[in-house]
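Here's query-v6.csv, which has CSV, C-alpha atoms:
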```
chain,number,residue,atom,x,y,z
A,1,MET,CA,-42.1,-58.6,96.0
A,2,SER,CA,-44.4,-57.4,93.3
A,3,ARG,CA,-43.4,-57.0,89.7
A,4,ALA,CA,-43.9,-53.2,89.8
A,5,LEU,CA,-41.6,-52.9,92.8
A,6,ILE,CA,-38.9,-54.9,91.1
A,7,ARG,CA,-39.3,-52.9,87.9
A,8,GLU,CA,-38.9,-49.6,89.8
A,9,LEU,CA,-35.8,-50.9,91.7
A,10,VAL,CA,-34.1,-51.9,88.5
A,11,ARG,CA,-34.9,-48.7,86.8
A,12,GLY,CA,-33.8,-46.7,89.7
A,13,LEU,CA,-30.4,-48.4,89.9
A,14,LEU,CA,-29.6,-48.3,86.2
A,15,LYS,CA,-29.3,-44.5,85.6
A,16,PRO,CA,-28.5,-41.8,88.2
A,17,VAL,CA,-31.3,-39.2,88.7
A,18,THR,CA,-28.9,-36.4,89.9
A,19,ILE,CA,-28.3,-33.4,87.7
A,20,GLY,CA,-24.7,-33.0,88.5
A,21,TYR,CA,-24.9,-29.2,88.3
A,22,PRO,CA,-21.5,-27.6,88.6
A,23,SER,CA,-19.4,-30.4,87.1
A,24,ALA,CA,-21.6,-32.3,84.7
A,25,ILE,CA,-21.6,-32.2,80.9
A,26,PRO,CA,-24.2,-29.6,80.2
A,27,LYS,CA,-25.9,-31.2,77.3
A,28,LYS,CA,-26.4,-34.5,79.1
A,29,TYR,CA,-27.7,-33.4,82.5
A,30,SER,CA,-28.6,-29.8,83.0
A,31,GLN,CA,-32.1,-28.8,82.0
A,32,VAL,CA,-32.8,-25.2,81.1
A,33,ALA,CA,-36.2,-24.5,79.7
A,34,GLU,CA,-36.4,-22.2,76.7
A,35,GLY,CA,-38.7,-19.6,78.4
A,36,LEU,CA,-36.6,-19.4,81.5
A,37,ARG,CA,-36.5,-15.8,82.8
A,38,GLY,CA,-33.0,-14.8,83.7
A,39,LYS,CA,-30.6,-11.9,83.3
A,40,HIS,CA,-31.8,-8.9,81.2
A,41,LYS,CA,-30.4,-8.2,77.7
A,42,VAL,CA,-30.8,-4.8,76.2
A,43,ARG,CA,-30.3,-3.9,72.6
A,44,GLU,CA,-28.8,-0.5,73.2
A,45,ASP,CA,-29.1,0.8,69.6
A,46,VAL,CA,-32.8,0.1,69.5
A,47,CYS,CA,-33.8,1.4,73.0
A,48,THR,CA,-35.2,4.9,72.8
A,49,GLY,CA,-35.0,5.6,76.5
A,50,CYS,CA,-38.8,6.3,76.7
A,51,GLY,CA,-39.1,4.9,80.2
A,52,ALA,CA,-42.1,2.7,79.6
A,53,CYS,CA,-40.4,-0.2,81.3
A,54,VAL,CA,-39.5,2.0,84.3
A,55,ARG,CA,-43.1,2.9,84.8
A,56,ARG,CA,-44.3,-0.7,84.5
A,57,CYS,CA,-41.7,-2.3,86.7
A,58,SER,CA,-43.4,-4.1,89.7
A,59,THR,CA,-40.7,-3.4,92.2
A,60,GLY,CA,-38.8,-0.4,91.1
A,61,ALA,CA,-35.8,-2.4,89.9
A,62,LEU,CA,-35.7,-0.4,86.6
A,63,LYS,CA,-34.8,3.2,87.1
A,64,PHE,CA,-33.6,6.2,85.2
A,65,THR,CA,-31.8,9.3,86.2
A,66,ASP,CA,-31.3,12.3,84.0
A,67,HIS,CA,-27.8,13.8,84.5
A,68,GLU,CA,-27.0,16.9,82.4
A,69,LEU,CA,-27.9,15.8,78.9
A,70,LYS,CA,-27.8,12.0,79.4
A,71,ARG,CA,-30.4,9.6,80.6
A,72,ILE,CA,-28.9,6.6,82.5
A,73,LEU,CA,-31.2,3.6,82.6
A,74,SER,CA,-30.4,0.8,85.0
A,75,VAL,CA,-31.7,-2.6,86.1
A,76,SER,CA,-30.9,-3.7,89.6
A,77,LEU,CA,-30.9,-7.5,89.6
A,78,LYS,CA,-31.1,-7.6,93.4
A,79,GLU,CA,-34.6,-6.0,93.3
A,80,CYS,CA,-35.9,-7.6,90.2
A,81,ILE,CA,-38.4,-10.4,90.5
A,82,PHE,CA,-38.1,-11.5,86.9
A,83,CYS,CA,-41.8,-11.0,86.2
A,84,TYR,CA,-41.4,-10.1,82.5
A,85,ARG,CA,-43.7,-7.0,82.6
A,86,CYS,CA,-40.9,-4.7,81.3
A,87,VAL,CA,-40.4,-6.9,78.2
A,88,GLU,CA,-44.1,-7.0,77.5
A,89,VAL,CA,-44.5,-3.3,77.5
A,90,CYS,CA,-41.4,-2.2,75.6
A,91,PRO,CA,-42.6,-0.5,72.4
A,92,GLU,CA,-39.3,-1.2,70.5
A,93,ASP,CA,-38.7,-4.8,71.7
A,94,ALA,CA,-35.3,-3.7,72.9
A,95,LEU,CA,-35.4,-5.5,76.2
A,96,SER,CA,-35.5,-9.3,76.7
A,97,LEU,CA,-34.7,-11.8,79.4
A,98,SER,CA,-32.0,-14.4,78.5
A,99,THR,CA,-31.7,-17.8,80.1
A,100,ASP,CA,-28.7,-16.9,82.2
A,101,PHE,CA,-29.8,-17.9,85.8
A,102,GLU,CA,-26.3,-18.1,87.4
A,103,LEU,CA,-26.5,-14.7,89.2
A,104,ALA,CA,-24.9,-15.4,92.5
A,105,ARG,CA,-22.2,-12.8,93.4
A,106,THR,CA,-20.0,-12.1,96.3
A,107,ARG,CA,-19.7,-8.7,97.8
A,108,ASP,CA,-16.6,-7.9,95.7
A,109,GLU,CA,-18.5,-8.7,92.5
A,110,GLU,CA,-21.7,-6.8,93.3
A,111,ARG,CA,-21.3,-4.5,90.4
A,112,ASP,CA,-22.3,-7.3,88.0
A,113,LEU,CA,-25.8,-7.1,89.5
A,114,GLU,CA,-26.4,-3.6,88.0
A,115,ILE,CA,-26.9,-3.3,84.3
A,116,GLU,CA,-26.7,0.2,82.9
A,117,TRP,CA,-27.1,1.8,79.5
A,118,ILE,CA,-27.2,5.5,78.4
A,119,ASN,CA,-29.4,7.5,76.0
A,120,GLU,CA,-28.9,11.1,74.9
A,121,LEU,CA,-31.4,13.8,75.8
A,122,SER,CA,-32.5,16.7,73.7
A,123,LYS,CA,-32.8,20.3,74.9
A,124,CYS,CA,-35.6,22.7,74.6
A,125,LEU,CA,-34.6,25.7,72.4
A,126,ASN,CA,-36.6,28.1,74.5
A,127,CYS,CA,-36.1,27.3,78.2
A,128,GLY,CA,-33.1,25.0,77.9
A,129,LYS,CA,-34.6,22.1,80.0
A,130,PRO,CA,-34.3,18.5,78.7
A,131,ILE,CA,-37.5,17.3,76.8
A,132,THR,CA,-36.9,13.6,76.2
A,133,THR,CA,-34.3,11.5,74.4
A,134,LEU,CA,-33.2,12.1,70.8
A,135,LYS,CA,-34.2,8.6,69.7
A,136,GLN,CA,-37.7,9.0,71.1
A,137,LEU,CA,-38.2,12.3,69.2
A,138,GLU,CA,-37.1,10.5,66.0
A,139,ARG,CA,-39.6,7.7,66.6
A,140,ILE,CA,-42.4,10.3,67.2
A,141,ARG,CA,-41.5,12.1,64.0
A,142,GLU,CA,-41.5,8.8,62.0
A,143,ARG,CA,-44.9,7.8,63.4
A,144,ILE,CA,-46.5,11.1,62.7
A,145,ILE,CA,-45.2,11.4,59.2
A,146,GLY,CA,-46.1,7.7,58.5
A,147,ASN,CA,-49.7,8.4,59.5
A,148,ILE,CA,-50.6,11.5,57.5
A,149,ALA,CA,-52.1,11.9,54.1
A,150,PRO,CA,-49.3,12.4,51.5
A,151,GLN,CA,-50.5,15.9,50.5
A,152,ALA,CA,-49.8,17.2,54.1
A,153,LYS,CA,-46.4,15.5,54.6
A,154,GLY,CA,-44.2,18.3,53.4
A,155,VAL,CA,-45.8,20.9,55.6
A,156,ILE,CA,-46.0,18.8,58.7
A,157,ALA,CA,-42.4,17.7,58.3
A,158,GLU,CA,-41.3,21.4,58.3
A,159,ASP,CA,-43.5,22.1,61.4
A,160,LEU,CA,-42.2,19.1,63.3
A,161,LYS,CA,-38.6,20.4,62.9
A,162,VAL,CA,-39.6,23.4,65.0
A,163,PHE,CA,-42.1,21.8,67.4
A,164,LEU,CA,-40.1,18.7,68.4
A,165,ASN,CA,-37.4,21.0,69.7
A,166,TYR,CA,-39.6,22.7,72.2
A,167,CYS,CA,-40.8,21.2,75.5
A,168,PRO,CA,-44.6,21.0,76.0
A,169,ALA,CA,-44.8,24.2,78.1
A,170,CYS,CA,-42.9,26.2,75.6
A,171,ARG,CA,-44.9,24.7,72.7
A,172,LYS,CA,-48.1,26.2,74.2
A,173,GLU,CA,-46.5,29.6,74.4
A,174,LEU,CA,-45.3,29.3,70.8
A,175,ALA,CA,-48.8,28.4,69.7
A,176,TYR,CA,-50.2,31.5,71.4
A,177,LYS,CA,-47.6,33.7,69.8
A,178,LEU,CA,-48.1,32.3,66.3
A,179,GLY,CA,-51.8,32.5,66.7
A,180,PHE,CA,-53.1,28.9,66.2
A,181,HIS,CA,-53.8,27.9,69.8
A,182,PRO,CA,-57.3,26.4,69.9
A,183,ALA,CA,-58.4,29.1,72.5
A,184,LYS,CA,-58.9,31.6,69.7
A,185,TYR,CA,-61.8,29.5,68.4
A,186,TYR,CA,-63.5,29.6,71.7
A,187,LEU,CA,-63.1,33.4,71.8
A,188,VAL,CA,-64.6,33.8,68.4
A,189,LEU,CA,-67.6,31.6,69.0
A,190,GLY,CA,-68.1,33.3,72.4
A,191,THR,CA,-68.4,30.1,74.4
A,192,ARG,CA,-65.4,30.7,76.6
A,193,ASN,CA,-63.6,33.6,78.2
A,194,VAL,CA,-59.8,33.6,78.4
A,195,THR,CA,-58.4,35.6,81.2
B,1,MET,CA,-3.9,-27.7,106.6
B,2,MET,CA,-6.5,-30.2,107.7
B,3,ARG,CA,-8.7,-27.4,108.9
B,4,ARG,CA,-8.6,-25.8,105.5
B,5,ARG,CA,-9.6,-29.0,103.9
B,6,ALA,CA,-12.4,-29.4,106.4
B,7,PHE,CA,-13.9,-26.0,105.6
B,8,ARG,CA,-13.6,-26.6,101.9
B,9,TYR,CA,-14.9,-30.1,101.7
B,10,SER,CA,-17.5,-30.3,104.4
B,11,PRO,CA,-19.2,-27.0,105.1
B,12,TRP,CA,-22.3,-27.3,107.3
B,13,ILE,CA,-25.4,-25.1,106.7
B,14,PHE,CA,-28.0,-23.6,108.9
B,15,HIS,CA,-31.1,-22.2,107.2
B,16,LEU,CA,-32.6,-19.1,108.8
B,17,HIS,CA,-36.1,-18.3,107.6
B,18,CYS,CA,-36.8,-14.6,108.1
B,19,GLY,CA,-40.5,-14.3,107.2
B,20,GLY,CA,-41.2,-14.8,103.5
B,21,CYS,CA,-43.4,-16.6,101.2
B,22,ASN,CA,-41.4,-19.9,101.5
B,23,GLY,CA,-40.6,-20.0,97.8
B,24,CYS,CA,-36.9,-19.7,98.4
B,25,ASP,CA,-37.1,-22.2,101.3
B,26,ILE,CA,-38.7,-24.8,99.0
B,27,GLU,CA,-36.1,-24.3,96.4
B,28,LEU,CA,-33.4,-24.6,99.0
B,29,LEU,CA,-35.0,-27.8,100.3
B,30,ALA,CA,-35.0,-29.0,96.7
B,31,THR,CA,-31.3,-28.8,96.5
B,32,LEU,CA,-31.1,-31.4,99.2
B,33,THR,CA,-33.1,-33.9,97.2
B,34,PRO,CA,-31.4,-36.6,95.1
B,35,ARG,CA,-32.2,-34.6,91.9
B,36,TYR,CA,-29.9,-31.7,92.7
B,37,ASP,CA,-28.0,-33.4,95.5
B,38,VAL,CA,-25.9,-30.8,97.2
B,39,GLU,CA,-24.8,-33.4,99.8
B,40,ARG,CA,-22.3,-34.8,97.3
B,41,LEU,CA,-20.4,-31.5,97.9
B,42,GLY,CA,-20.2,-32.4,101.6
B,43,ILE,CA,-22.9,-30.1,102.7
B,44,LYS,CA,-25.1,-31.0,105.7
B,45,LEU,CA,-28.1,-29.2,107.1
B,46,VAL,CA,-27.7,-28.8,110.8
B,47,SER,CA,-30.3,-28.0,113.4
B,48,SER,CA,-28.3,-25.6,115.6
B,49,PRO,CA,-26.5,-22.5,114.4
B,50,ARG,CA,-23.7,-23.4,116.9
B,51,HIS,CA,-22.7,-26.3,114.6
B,52,ALA,CA,-22.8,-24.3,111.3
B,53,ASP,CA,-20.3,-22.7,109.0
B,54,ILE,CA,-22.6,-21.1,106.5
B,55,LEU,CA,-25.8,-19.2,107.4
B,56,VAL,CA,-28.3,-19.3,104.6
B,57,VAL,CA,-30.9,-16.6,105.0
B,58,THR,CA,-34.2,-16.2,103.1
B,59,GLY,CA,-37.1,-13.8,103.3
B,60,PRO,CA,-37.4,-10.0,103.9
B,61,MET,CA,-36.7,-9.4,107.5
B,62,PRO,CA,-39.8,-8.4,109.5
B,63,LYS,CA,-39.1,-5.8,112.2
B,64,HIS,CA,-40.0,-8.1,115.1
B,65,ILE,CA,-37.5,-10.8,114.1
B,66,ILE,CA,-34.5,-8.5,114.3
B,67,PRO,CA,-33.3,-9.5,117.8
B,68,PHE,CA,-33.7,-13.2,117.2
B,69,ALA,CA,-31.9,-13.1,113.9
B,70,LYS,CA,-29.1,-11.1,115.5
B,71,ARG,CA,-28.9,-13.7,118.2
B,72,VAL,CA,-28.7,-16.6,115.7
B,73,TYR,CA,-25.9,-14.7,113.7
B,74,GLU,CA,-23.9,-14.3,116.9
B,75,GLN,CA,-24.2,-18.0,117.7
B,76,VAL,CA,-22.6,-19.1,114.5
B,77,PRO,CA,-18.9,-19.5,115.3
B,78,GLU,CA,-16.1,-17.8,113.3
B,79,PRO,CA,-15.2,-18.2,110.5
B,80,LYS,CA,-18.6,-17.8,109.1
B,81,VAL,CA,-20.3,-16.8,105.8
B,82,VAL,CA,-23.8,-15.4,105.2
B,83,VAL,CA,-25.6,-16.2,102.0
B,84,ALA,CA,-28.8,-14.2,101.2
B,85,VAL,CA,-31.0,-16.3,98.9
B,86,GLY,CA,-33.8,-14.7,96.9
B,87,SER,CA,-34.6,-11.2,95.9
B,88,CYS,CA,-36.4,-10.5,99.2
B,89,ALA,CA,-33.2,-11.2,101.2
B,90,CYS,CA,-31.0,-9.2,98.8
B,91,SER,CA,-33.1,-6.1,98.6
B,92,GLY,CA,-36.6,-6.4,99.8
B,93,GLY,CA,-37.8,-8.0,96.6
B,94,VAL,CA,-41.5,-7.6,95.8
B,95,PHE,CA,-41.8,-5.3,98.8
B,96,ALA,CA,-39.0,-3.1,97.7
B,97,GLY,CA,-41.3,-0.5,96.1
B,98,ILE,CA,-40.3,3.0,97.0
B,99,ASP,CA,-38.3,2.5,100.2
B,100,VAL,CA,-39.0,-0.6,102.3
B,101,SER,CA,-37.9,0.4,105.8
B,102,GLU,CA,-39.5,3.8,105.7
B,103,LYS,CA,-42.9,3.2,104.1
B,104,ASN,CA,-43.5,-0.4,105.1
B,105,TYR,CA,-44.9,-0.9,108.6
B,106,ALA,CA,-43.7,-4.5,109.0
B,107,LEU,CA,-40.5,-5.1,107.1
B,108,VAL,CA,-36.9,-4.0,107.3
B,109,GLY,CA,-36.1,-5.3,103.8
B,110,PRO,CA,-32.6,-6.3,102.8
B,111,ILE,CA,-30.8,-8.6,105.2
B,112,ASP,CA,-27.6,-6.5,105.1
B,113,LYS,CA,-29.3,-3.8,107.2
B,114,VAL,CA,-29.2,-6.2,110.2
B,115,PHE,CA,-25.9,-8.2,109.7
B,116,PRO,CA,-23.3,-8.3,106.9
B,117,VAL,CA,-23.9,-10.5,103.9
B,118,ASP,CA,-21.1,-12.2,101.9
B,119,VAL,CA,-22.9,-13.7,98.9
B,120,TYR,CA,-26.1,-12.5,97.1
B,121,VAL,CA,-28.2,-14.9,95.1
B,122,PRO,CA,-30.9,-13.0,93.2
B,123,GLY,CA,-34.0,-14.6,91.8
B,124,CYS,CA,-37.6,-15.0,92.7
B,125,PRO,CA,-37.1,-17.8,93.6
B,126,PRO,CA,-33.6,-18.6,92.4
B,127,LYS,CA,-33.3,-22.0,90.6
B,128,PRO,CA,-31.8,-24.7,92.8
B,129,GLU,CA,-28.7,-24.7,90.5
B,130,ALA,CA,-28.3,-21.0,91.2
B,131,ILE,CA,-28.5,-21.6,94.9
B,132,ILE,CA,-25.8,-24.3,94.5
B,133,GLN,CA,-23.7,-21.8,92.6
B,134,GLY,CA,-24.1,-19.3,95.5
B,135,ILE,CA,-23.1,-21.9,98.1
B,136,ALA,CA,-20.1,-22.9,96.0
B,137,LYS,CA,-19.0,-19.2,96.0
B,138,ALA,CA,-19.7,-19.1,99.8
B,139,ILE,CA,-17.3,-22.1,100.2
B,140,GLN,CA,-14.6,-20.2,98.4
B,141,VAL,CA,-15.1,-17.1,100.6
B,142,LEU,CA,-15.1,-19.4,103.7
B,143,SER,CA,-11.8,-21.1,102.8
B,144,THR,CA,-10.1,-17.7,102.3
B,145,LYS,CA,-11.5,-16.5,105.6
B,146,ALA,CA,-10.5,-19.7,107.4
B,147,VAL,CA,-6.9,-19.2,106.3
B,148,SER,CA,-6.7,-15.6,107.5
B,149,SER,CA,-9.0,-15.7,110.5
B,150,LYS,CA,-7.6,-15.1,114.0
B,151,SER,CA,-9.6,-17.9,115.5
B,152,LEU,CA,-7.4,-20.4,113.8
B,153,ARG,CA,-4.1,-19.0,115.1
B,154,ARG,CA,-3.0,-20.0,118.5
```

I need this file expressed as structure tokens, please.
Amino acid sequence: MSRALIRELVRGLLKPVTIGYPSAIPKKYSQVAEGLRGKHKVREDVCTGCGACVRRCSTGALKFTDHELKRILSVSLKECIFCYRCVEVCPEDALSLSTDFELARTRDEERDLEIEWINELSKCLNCGKPITTLKQLERIRERIIGNIAPQAKGVIAEDLKVFLNYCPACRKELAYKLGFHPAKYYLVLGTRNVT
Amino acid sequence: MMRRRAFRYSPWIFHLHCGGCNGCDIELLATLTPRYDVERLGIKLVSSPRHADILVVTGPMPKHIIPFAKRVYEQVPEPKVVVAVGSCACSGGVFAGIDVSEKNYALVGPIDKVFPVDVYVPGCPPKPEAIIQGIAKAIQVLSTKAVSSKSLRR
């Protein structure tokens, strides 16, 4: 018997290798890496309901449905493959994956495998159809005002109060009515005919 | 009374592989190694479905496997429990997309379109500890079925 063999035998018999998962003292035996991708965790006050994660989802596990004036976003853990793309793309960092990997459920407990959260939608003043969520419009307003020169801020803020309450189609009509749609420049310079 | 103990303390498993990438099969195999050691719970992997109590299914079901999978399901004697391991078995997984069984030419998708499933273990692939948790839940479901099932009444 070689020394290496004896050494391995002794080492193997001294300490058990098994991670006694359901019943062991967690700190001693179970090993959960820090970056483990498990159940989703949403910060509902930060999420704007923009739908970037829904567009990016690899399998279609993230969905949203617009019902009356509410947008219901949901993650179906059965379809999720835990690829992390939704977390990477969220502009507000509202979504994250915790290290909770204990996701087995019986048929009676299936509801735990759907995570849902709700955002409020805003309505167009002209046609009455929903535009996007209230929080998303707030973020748009913040970003626009944060990026303009200070002398224009007051005027733009007043304009935004009107324009952010119209859906894109009605905004075009409004621009024609008020006379600042870019088409008028084409008409003046004679480079384009508007029918 | 002895029968109830038998179902709770030594459930036998048959692993049915329904066409997948083998990720979930490898993690299931890892639970049988000494590191995660599911055999200390009394679980044995058997080679025939006629000897099994728990049917562990992995993979999205391809359409040409349906008659064989149904035959295996019927060969498992009552009381039985089906565990769907992995996101492909729960719902079509990576292939879920828009709607698996209508747009995909080869797959049915979730296992519960072919036979009823009792426990779902999502993950891609699920950690071996998560599979052990799923099998522990299956044992609980099995022991309640064993108590109430007609096959145990004379």

Close residues, His51 (chain B) itself excluded, 8 Å, only C-alpha atoms, min 5 positions apart in chain, as a compact mmCIF listing (two decimals) with C-alpha atoms, keeping the file's coordinate frame:
```
# COMPACT_ATOMS: atom_id res chain seq x y z
CA TRP B 12 -22.30 -27.30 107.30
CA VAL B 46 -27.70 -28.80 110.80
CA VAL B 76 -22.60 -19.10 114.50
CA PRO B 77 -18.90 -19.50 115.30
```

For this session: Compute the chain A side of the contact with chain B at 9 Å, counting all atoms listed in the file, and hand it back as a list of chain:residue names.
Result: A:Pro16, A:Val17, A:Thr18, A:Ile19, A:Gly20, A:Tyr21, A:Pro22, A:Gly38, A:Ser58, A:Thr59, A:Gly60, A:Ala61, A:Leu77, A:Lys78, A:Glu79, A:Cys80, A:Ile81, A:Phe82, A:Cys83, A:Phe101, A:Glu102, A:Leu103, A:Ala104, A:Arg105, A:Thr106, A:Arg107, A:Asp108, A:Glu110, A:Leu113

For this session: Tell me which protein, DNA and RNA residues are within 9 Å of Gly20 (chain B), counting all atoms listed in the file, leaving out same-chain ones fewer than 5 positions away, and put them as a ChimeraX atom specification.
Result: /B:25,58-62,88

Export C-alpha atoms of the chosen residues as a compact mmCIF listing (two decimals), in the coordinates of the input?
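Result file follows (selection.txt):
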```
# COMPACT_ATOMS: atom_id res chain seq x y z
CA ASP B 25 -37.10 -22.20 101.30
CA THR B 58 -34.20 -16.20 103.10
CA GLY B 59 -37.10 -13.80 103.30
CA PRO B 60 -37.40 -10.00 103.90
CA MET B 61 -36.70 -9.40 107.50
CA PRO B 62 -39.80 -8.40 109.50
CA CYS B 88 -36.40 -10.50 99.20
```

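Across the model, the gap from CA of Lys63 (chain A) to CA of Glu44 (chain A) is 15.6 Å.
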
For this session: Find the distance between CA of Ser122 (chain A) and CA of Val75 (chain A) and write it in Å to one decimal.
Result: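 One can read the CA of Ser122 (chain A) to CA of Val75 (chain A) distance as 23.0 Å.
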
Problem set entry | Of the listed residues B:Lys113, B:His17, B:Lys44, B:Arg71, that which approaches Val56 (chain B) most closely, counting all atoms listed in the file |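 Nearest to Val56 (chain B): B:His17.
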
For this session: May I ask for the distance between CA of Glu120 (chain A) and CA of Gly49 (chain A), given in Å to one decimal place?
Result: 8.4 Å

Near-His67 (chain A) list (12 Å; all atoms listed in the file; drop same-chain fewer than 5 positions) as a short mmCIF file (atom, residue, chain, number, x, y, z; two decimals) with C-alpha atoms, keeping the file's coordinate frame:
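Result written to around_13.cif:
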```cif
data_model
loop_
_atom_site.label_atom_id
_atom_site.label_comp_id
_atom_site.auth_asym_id
_atom_site.auth_seq_id
_atom_site.Cartn_x
_atom_site.Cartn_y
_atom_site.Cartn_z
CA ILE A 72 -28.90 6.60 82.50
CA LEU A 73 -31.20 3.60 82.60
CA ILE A 118 -27.20 5.50 78.40
CA ASN A 119 -29.40 7.50 76.00
CA GLU A 120 -28.90 11.10 74.90
CA LEU A 121 -31.40 13.80 75.80
CA LYS A 129 -34.60 22.10 80.00
CA PRO A 130 -34.30 18.50 78.70
#
```

For this session: Select, from B:Arg4, B:Arg50, B:Lys70, B:Lys63, the residue with the minimum atom-to-atom distance to Lys145 (chain B), counting only C-alpha atoms.
Result: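 Between B:Arg4, B:Arg50, B:Lys70, B:Lys63, the residue approaching Lys145 (chain B) most closely is B:Arg4.
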
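Shortest separation to Phe7 (chain B) among B:Cys21, B:Leu32, B:Ala106, B:Val81 occurs at residue B:Val81, atoms counted being all atoms listed in the file.
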